Amino acid sequence: MCGIFGYIGKQKTAPTIVLDGLKALEYRGYDSWGVAVVPVQQSGKQTIVVKKKAGKIGNATVTELPSGTLAFGHTRWATHGGVTDINAHPHLDCTGTIAVIHNGIVENYETLKAGLIKKGHRFVSETDSEVIAHLVEEYLKRFTVSARDAAPAFSKAVQAAFNDLDGLNAIILINTQADEMVAARNGSPLVVGFGNGENFLASDPAALLPHTKQVHYLEDNEMAVVSRGGIHIFDAKTGRRIRPRKQQLTWTAKEAEKGTFPYFMLKEIFDQPGMLSEIAAESTQQAMLLAHELNTAPRIYIVGSGTSGYAARSASYLFATVAQKLTNWSSPTEMHHHIDLLPPGSIIVALSQSGETMDLMEVVKRAKNNGTKVMSLVNVVGSSLWRMADLTLPIGAGPEKGVASTKAFTAVVAQLILMAHAMKNDVKTGQRLVASAAKAAKEALKPERIDQLKRIAHELKAVEHIFVIGKGLSYSTALESALKIKEISYIHAEGVAAGELKHGPLALVTKGVPCIVYAANDMHYQSTLANAMEMKARGGYIIGVSHKPDEVFDEYIPVSDVGEATIIPNVIVAQLLAYYLTIERGFDPDMPRNLAKSVTVK
Ligand code: G6P
């Protein structure tokens with residue numbers, strides 16, 4: 001969840017380089033931030049200088065920090081210890097010469113801390129992370145014999161400390177003696193970036209784009225010793241040297257920028273028509289190959305969290321209606337009762353924007369251990385879920401930074417439409433539908449529509465509840481729409497299967513309660529309108545999203561009928577409504593409270 005960025009090189013502005021890296025990563029976690037630098041060598045005893053603060057990084061600067069060529073920093077999403085300046089990372093040891101940044105949870109930190117306190121260590125924060133700095137301090141006392149072996153002693157001390165930690169953790173340490181960053185990972189993502197006379201470490205490859213495109217993703221229990229002259233990778237358990245598996249990042253730095261848009265979310269909403277056209281024009285060879293695997297699997301389970309979970313739910317309808325293939329879907333946290341029961345030859349399809357969601361990774365690991373094949377559709381090529389999979393497909397959304405996922409949803413749904421038609425051996429129809437969805441997305445974003453949604457948002461800004469209904473694929477649309485609205489505008493929104501209204505939710509529909517109705521041109525059209533009528537009869541204010549107007553709608557939002565791909569423009573309507581509701585209510589759509597873009601802890 002937290003953002004990590006580290007730099008070692010020739011430039012003496014390391015603290016500013018790190019701060020800029022953190023700003024690019026702030027969406028990962030943002031209740032506090034901090035930067036530490038090893039100052040350019042002065043005479044006398046040297047200590048690490050830290051600036052850290054609770055709150056958003058915003059327009060912070062680090063100009064008061066001394067110059068240095070080695071620095072690292074962190075944006076925090078609190079787990080252990082409240083959101084305070086002191087609990088922000090980096091944390092120092094007792095001597096002020098060792099600093100740590102950490103992502104994850106040290107499950108045995110209380111035992112470790114008690115042992116260290118007995119040995120005389122003084123703790124200043126309430127975090128589990130601080131334990132790591134003191135642990136390395138302790139090991140360093142054992143391993144350092146002379147100044148000449150400061151570097152090997154430091155990496156040995158970090159290795160020993162890392163192996164003492166229980167739980168899933170990514171750590172990076174620096175000290176004033178060894179001119180290097182030492183990192184180790186288990187669970188939480190870390191990527192090293194290869195520069196020229198300078199090298200980098202980050203929790204997310206997108207932060208490296210302005211500096212380098214050559215990276216190595218650390219695997220579980222791998223360590224990296226990153227110095228100016230090179231990067232060495234080791235097995236953290238055995239100390240054995242590992243050859244870096246260098247990969248080239250395919251995104252550009254510009255794609256990861258906001259440009260003239262006020263927020264990433266709006267930029268990413270507007271990226272969709274172009275992105276969908278590109279997906280429709282992609283080579284379908286890989287989709288055909290994967291379709292063959294799916295067709296021959298006795299059982300398919302599609303799994304994803306949050307927005308990716310609703311894409312998974314859509315896939316279960318798409319595969320059933322288009323390819324007549326029975327497909328289950330689940331969120332990973334609810335998969336534990338089923339996972340061991342999959343028959344041999346089954347396929348787990350993992351959907352994920354980041355490719356790093358911990359809940360999903362756990363399920364995938366367990367499936368693999370049972371011999372189940374794993375197919376990953378992820379946006380970040382090279383991410384953990386990508387590397388774990390037997391079969392892969394990039395979803396092709398480009399970098400997505402807004403916490404509320406938008407284009408990654410429509411991209412993965414477009415890929416699933418292609419896949420469903422490929423399963424029927426008719427990928428051309430899939431391509432035609434995705435190309436039509438690209439046009440429909442463009443229409444959904446035209447100025448007239450934007451003005452309408454701004455007006456609706458203005459009218460609804462003070463409501464407490466919004467209901468969203470649909471059937472079949474439009475039920476997935478309703479669930480995703482409700483999620484978008486609640487996660488950023490903080491209005492309670494509930495997605496309901498239209499047919500289930502009368503089994504409970506209708507009790508809450510009273511005069512003026514807004515109800516968004518997805519009435520797509522499919523087998524459910526008439527019955528959805530009948531459900532809308534039931535809501536209207538109780539005083540509900542009906543906002544119809546459909547290919548044609550109907551008298552039941554109090555407000556009508558036109559959307560083109562593009563067959564099963566209508567889910568795409570339908571969701572775009574909700575993305576815009578959620579965005580403008582959030583702006584009307586004075587919140588930041590890119591950084592909703594309590595949420596993070598990538599959930600890398602359990
Ligand atoms: C977090 C994000 C959601 C996202 C979910 C799954 O909860 O806030 O926007 O849908 O994680 O993320 P993934 O990267 O696996 O798609």
# chains A, B, ... in the order shown; residues from 1 in each chain; ligands from 1
>>> select_by_dssp(residues="segment 486-537 of chain A", states="helix (DSSP H, G or I)", output="PyMOL selection string")
chain A and resi 486-489+498-503+505-508+525-537
>>> residues_near_ligand(ligand="ligand 1", cutoff="8 Å", atoms="only C-alpha atoms and all ligand atoms", output="mmCIF file with N, CA, C and O atoms, in the first residue's frame")
data_model
loop_
_atom_site.group_PDB
_atom_site.id
_atom_site.type_symbol
_atom_site.label_atom_id
_atom_site.label_comp_id
_atom_site.auth_asym_id
_atom_site.auth_seq_id
_atom_site.Cartn_x
_atom_site.Cartn_y
_atom_site.Cartn_z
ATOM 1 N N GLY A 304 -11.266 -11.670 -8.644
ATOM 2 C CA GLY A 304 -10.711 -10.307 -8.598
ATOM 3 C C GLY A 304 -11.284 -9.570 -7.404
ATOM 4 O O GLY A 304 -12.331 -9.950 -6.874
ATOM 5 N N SER A 305 -10.602 -8.502 -6.993
ATOM 6 C CA SER A 305 -11.060 -7.712 -5.843
ATOM 7 C C SER A 305 -11.633 -6.385 -6.326
ATOM 8 O O SER A 305 -11.176 -5.836 -7.326
ATOM 9 N N GLY A 306 -12.563 -5.844 -5.569
ATOM 10 C CA GLY A 306 -13.097 -4.510 -5.847
ATOM 11 C C GLY A 306 -13.625 -4.425 -7.268
ATOM 12 O O GLY A 306 -14.406 -5.279 -7.723
ATOM 13 N N THR A 307 -13.188 -3.412 -7.979
ATOM 14 C CA THR A 307 -13.623 -3.217 -9.364
ATOM 15 C C THR A 307 -13.276 -4.430 -10.231
ATOM 16 O O THR A 307 -14.068 -4.847 -11.079
ATOM 17 N N SER A 308 -12.095 -5.000 -10.004
ATOM 18 C CA SER A 308 -11.720 -6.187 -10.786
ATOM 19 C C SER A 308 -12.675 -7.347 -10.487
ATOM 20 O O SER A 308 -12.911 -8.205 -11.339
ATOM 21 N N GLY A 309 -13.217 -7.375 -9.273
ATOM 22 C CA GLY A 309 -14.199 -8.403 -8.910
ATOM 23 C C GLY A 309 -15.481 -8.236 -9.722
ATOM 24 O O GLY A 309 -16.099 -9.226 -10.134
ATOM 25 N N LEU A 351 -7.987 -11.507 -12.275
ATOM 26 C CA LEU A 351 -8.094 -10.172 -12.880
ATOM 27 C C LEU A 351 -7.545 -9.152 -11.892
ATOM 28 O O LEU A 351 -7.946 -9.133 -10.730
ATOM 29 N N SER A 352 -6.645 -8.300 -12.357
ATOM 30 C CA SER A 352 -6.085 -7.297 -11.442
ATOM 31 C C SER A 352 -5.446 -6.170 -12.228
ATOM 32 O O SER A 352 -4.668 -6.420 -13.158
ATOM 33 N N GLN A 353 -5.764 -4.941 -11.848
ATOM 34 C CA GLN A 353 -5.089 -3.803 -12.462
ATOM 35 C C GLN A 353 -3.617 -3.838 -12.076
ATOM 36 O O GLN A 353 -2.753 -3.883 -12.923
ATOM 37 N N SER A 354 -3.359 -3.832 -10.761
ATOM 38 C CA SER A 354 -1.978 -3.696 -10.274
ATOM 39 C C SER A 354 -1.162 -4.963 -10.424
ATOM 40 O O SER A 354 0.057 -4.915 -10.553
ATOM 41 N N GLY A 355 -1.837 -6.101 -10.348
ATOM 42 C CA GLY A 355 -1.107 -7.377 -10.332
ATOM 43 C C GLY A 355 -0.429 -7.625 -8.999
ATOM 44 O O GLY A 355 0.442 -8.491 -8.881
ATOM 45 N N GLU A 356 -0.795 -6.860 -7.965
ATOM 46 C CA GLU A 356 -0.112 -6.979 -6.667
ATOM 47 C C GLU A 356 -1.088 -7.161 -5.507
ATOM 48 O O GLU A 356 -0.668 -7.092 -4.357
ATOM 49 N N THR A 357 -2.372 -7.320 -5.762
ATOM 50 C CA THR A 357 -3.341 -7.385 -4.666
ATOM 51 C C THR A 357 -3.121 -8.653 -3.838
ATOM 52 O O THR A 357 -3.203 -9.770 -4.358
ATOM 53 N N LEU A 360 -5.670 -11.623 -3.617
ATOM 54 C CA LEU A 360 -5.734 -12.387 -4.858
ATOM 55 C C LEU A 360 -4.490 -13.266 -5.021
ATOM 56 O O LEU A 360 -4.570 -14.425 -5.439
ATOM 57 N N VAL A 378 -3.718 -8.826 -16.291
ATOM 58 C CA VAL A 378 -3.302 -7.722 -15.423
ATOM 59 C C VAL A 378 -2.868 -6.532 -16.271
ATOM 60 O O VAL A 378 -2.506 -6.676 -17.438
ATOM 61 N N VAL A 403 -7.296 6.320 -7.486
ATOM 62 C CA VAL A 403 -7.591 5.152 -6.636
ATOM 63 C C VAL A 403 -8.843 4.436 -7.148
ATOM 64 O O VAL A 403 -8.901 3.205 -7.177
ATOM 65 N N ALA A 404 -9.837 5.210 -7.560
ATOM 66 C CA ALA A 404 -11.053 4.601 -8.098
ATOM 67 C C ALA A 404 -10.744 4.136 -9.523
ATOM 68 O O ALA A 404 -10.485 4.936 -10.412
ATOM 69 N N SER A 405 -10.754 2.845 -9.714
ATOM 70 C CA SER A 405 -10.369 2.278 -11.008
ATOM 71 C C SER A 405 -11.430 2.599 -12.065
ATOM 72 O O SER A 405 -12.625 2.423 -11.832
ATOM 73 N N ALA A 408 -9.133 0.771 -16.228
ATOM 74 C CA ALA A 408 -8.707 -0.626 -16.093
ATOM 75 C C ALA A 408 -9.927 -1.539 -16.137
ATOM 76 O O ALA A 408 -9.857 -2.671 -16.630
ATOM 77 N N LEU A 595 -8.673 4.625 1.653
ATOM 78 C CA LEU A 595 -8.459 3.651 0.575
ATOM 79 C C LEU A 595 -7.095 3.855 -0.071
ATOM 80 O O LEU A 595 -6.516 4.932 0.000
ATOM 81 N N ALA A 596 -6.602 2.813 -0.709
ATOM 82 C CA ALA A 596 -5.343 2.922 -1.444
ATOM 83 C C ALA A 596 -5.500 2.227 -2.783
ATOM 84 O O ALA A 596 -6.356 1.362 -2.949
ATOM 85 N N LYS A 597 -4.684 2.618 -3.715
ATOM 86 C CA LYS A 597 -4.791 2.072 -5.069
ATOM 87 C C LYS A 597 -4.485 0.586 -5.109
ATOM 88 O O LYS A 597 -5.118 -0.174 -5.823
ATOM 89 N N SER A 598 -3.451 0.228 -4.387
ATOM 90 C CA SER A 598 -2.985 -1.142 -4.498
ATOM 91 C C SER A 598 -2.898 -1.723 -3.088
ATOM 92 O O SER A 598 -2.176 -1.193 -2.246
ATOM 93 N N VAL A 599 -3.665 -2.775 -2.836
ATOM 94 C CA VAL A 599 -3.748 -3.282 -1.462
ATOM 95 C C VAL A 599 -2.812 -4.479 -1.313
ATOM 96 O O VAL A 599 -3.162 -5.605 -1.652
#
>>> residues_around(residues="Gly382 of chain A", least_positions_apart="2", cutoff="12 Å", atoms="only C-alpha atoms", output="PyMOL selection string")
chain A and resi 189-191+204-206+214-219+245-250+353-356+376-380+384-389+392-394
>>> residues_around(residues="segment 316-329 of chain A", least_positions_apart="2", cutoff="7 Å", atoms="only C-alpha atoms", output="list in words")
Arg299, Ile300, Tyr301, Ile302, Val303, Ala312, Arg313, Ser314, Ile417, Ala420, His421, Met423, Lys424, Gly472 and Leu473 of chain A
>>> closest_residue(among="A:Thr111, A:Ser476, A:Gln285, A:Gln177", to="Val131 of chain A", atoms="only C-alpha atoms")
A:Thr111
>>> residues_around(residues="Phe234 of chain A", least_positions_apart="5", cutoff="9 Å", atoms="only C-alpha atoms", output="PyMOL selection string")
chain A and resi 221-225+239-243
>>> closest_atom_pairs(of="segment 416-480 of chain A", to="segment 532-555 of chain A", cutoff="12 Å", atoms="only C-alpha atoms", output="CSV")
residue,atom,partner,partner_atom,distance
A:Ala440,CA,A:His547,CA,10.8
A:Ala444,CA,A:Val545,CA,11.0
A:Arg449,CA,A:Val545,CA,11.9
A:Gln452,CA,A:Glu555,CA,9.8
A:Leu453,CA,A:Glu555,CA,10.6
A:Arg455,CA,A:Glu555,CA,11.1
A:Ile456,CA,A:Glu555,CA,8.8
A:Ala457,CA,A:Ile543,CA,11.8
A:Glu459,CA,A:Tyr541,CA,11.6
A:Leu460,CA,A:Tyr541,CA,10.6
A:Val463,CA,A:Tyr541,CA,11.6
A:His465,CA,A:Gly540,CA,11.2
A:Ile466,CA,A:Tyr541,CA,9.8
A:Phe467,CA,A:Gly540,CA,9.4
A:Val468,CA,A:Ile543,CA,9.2
A:Ile469,CA,A:Ala532,CA,8.3
A:Gly470,CA,A:Ala532,CA,9.6
A:Lys471,CA,A:Ala532,CA,11.7
A:Ser474,CA,A:Val545,CA,10.4
A:Thr477,CA,A:Val545,CA,11.0
A:Ala478,CA,A:Val545,CA,10.8
>>> write_last_selection(atoms="C-alpha atoms", output="PDB file, in the first residue's frame")
ATOM      1  CA  ALA A 440     -20.147   4.801 -27.620  1.00  0.00           C
ATOM      2  CA  ALA A 444     -20.757   9.316 -23.461  1.00  0.00           C
ATOM      3  CA  ARG A 449     -23.494  14.596 -21.725  1.00  0.00           C
ATOM      4  CA  GLN A 452     -26.081  16.814 -18.039  1.00  0.00           C
ATOM      5  CA  LEU A 453     -24.088  14.764 -15.534  1.00  0.00           C
ATOM      6  CA  ARG A 455     -26.293  19.119 -13.443  1.00  0.00           C
ATOM      7  CA  ILE A 456     -27.472  15.784 -12.026  1.00  0.00           C
ATOM      8  CA  ALA A 457     -24.494  15.737  -9.650  1.00  0.00           C
ATOM      9  CA  GLU A 459     -28.984  18.141  -7.844  1.00  0.00           C
ATOM     10  CA  LEU A 460     -27.980  14.963  -6.008  1.00  0.00           C
ATOM     11  CA  VAL A 463     -28.698  12.931  -0.931  1.00  0.00           C
ATOM     12  CA  HIS A 465     -28.651   7.122  -0.549  1.00  0.00           C
ATOM     13  CA  ILE A 466     -28.573   6.197  -4.211  1.00  0.00           C
ATOM     14  CA  PHE A 467     -29.850   2.883  -5.553  1.00  0.00           C
ATOM     15  CA  VAL A 468     -28.516   1.447  -8.793  1.00  0.00           C
ATOM     16  CA  ILE A 469     -30.326  -1.451 -10.455  1.00  0.00           C
ATOM     17  CA  GLY A 470     -29.810  -3.740 -13.428  1.00  0.00           C
ATOM     18  CA  LYS A 471     -30.090  -7.368 -14.493  1.00  0.00           C
ATOM     19  CA  SER A 474     -26.293  -4.618 -16.144  1.00  0.00           C
ATOM     20  CA  THR A 477     -22.703  -2.463 -14.114  1.00  0.00           C
ATOM     21  CA  ALA A 478     -24.947  -1.492 -11.196  1.00  0.00           C
TER      22      ALA A 478
END
>>> closest_residue(among="A:Ile86, A:Leu140, A:Val18, A:Ala462", to="Leu70 of chain A", atoms="only C-alpha atoms")
A:Val18
>>> select_by_dssp(residues="segment 466-602 of chain A", states="strand (DSSP E or B)", output="list of chain:residue names")
A:Ile466, A:Phe467, A:Val468, A:Ile469, A:Gly470, A:His492, A:Ala493, A:Glu494, A:Gly495, A:Val496, A:Ala497, A:Pro514, A:Cys515, A:Ile516, A:Val517, A:Tyr518, A:Ala519, A:Tyr541, A:Ile542, A:Ile543, A:Gly544, A:Val545, A:Ser546, A:Glu555, A:Tyr556, A:Ile557, A:Pro558
>>> closest_residue(among="A:Asn169, A:Asn196, A:Ser489, A:Thr75", to="Ala183 of chain A", atoms="only C-alpha atoms")
A:Asn169
>>> residues_around(residues="Asp164 of chain A", least_positions_apart="5", cutoff="9 Å", atoms="only C-alpha atoms", output="list in words")
Asn108, Leu112, Leu135 and Gln159 of chain A
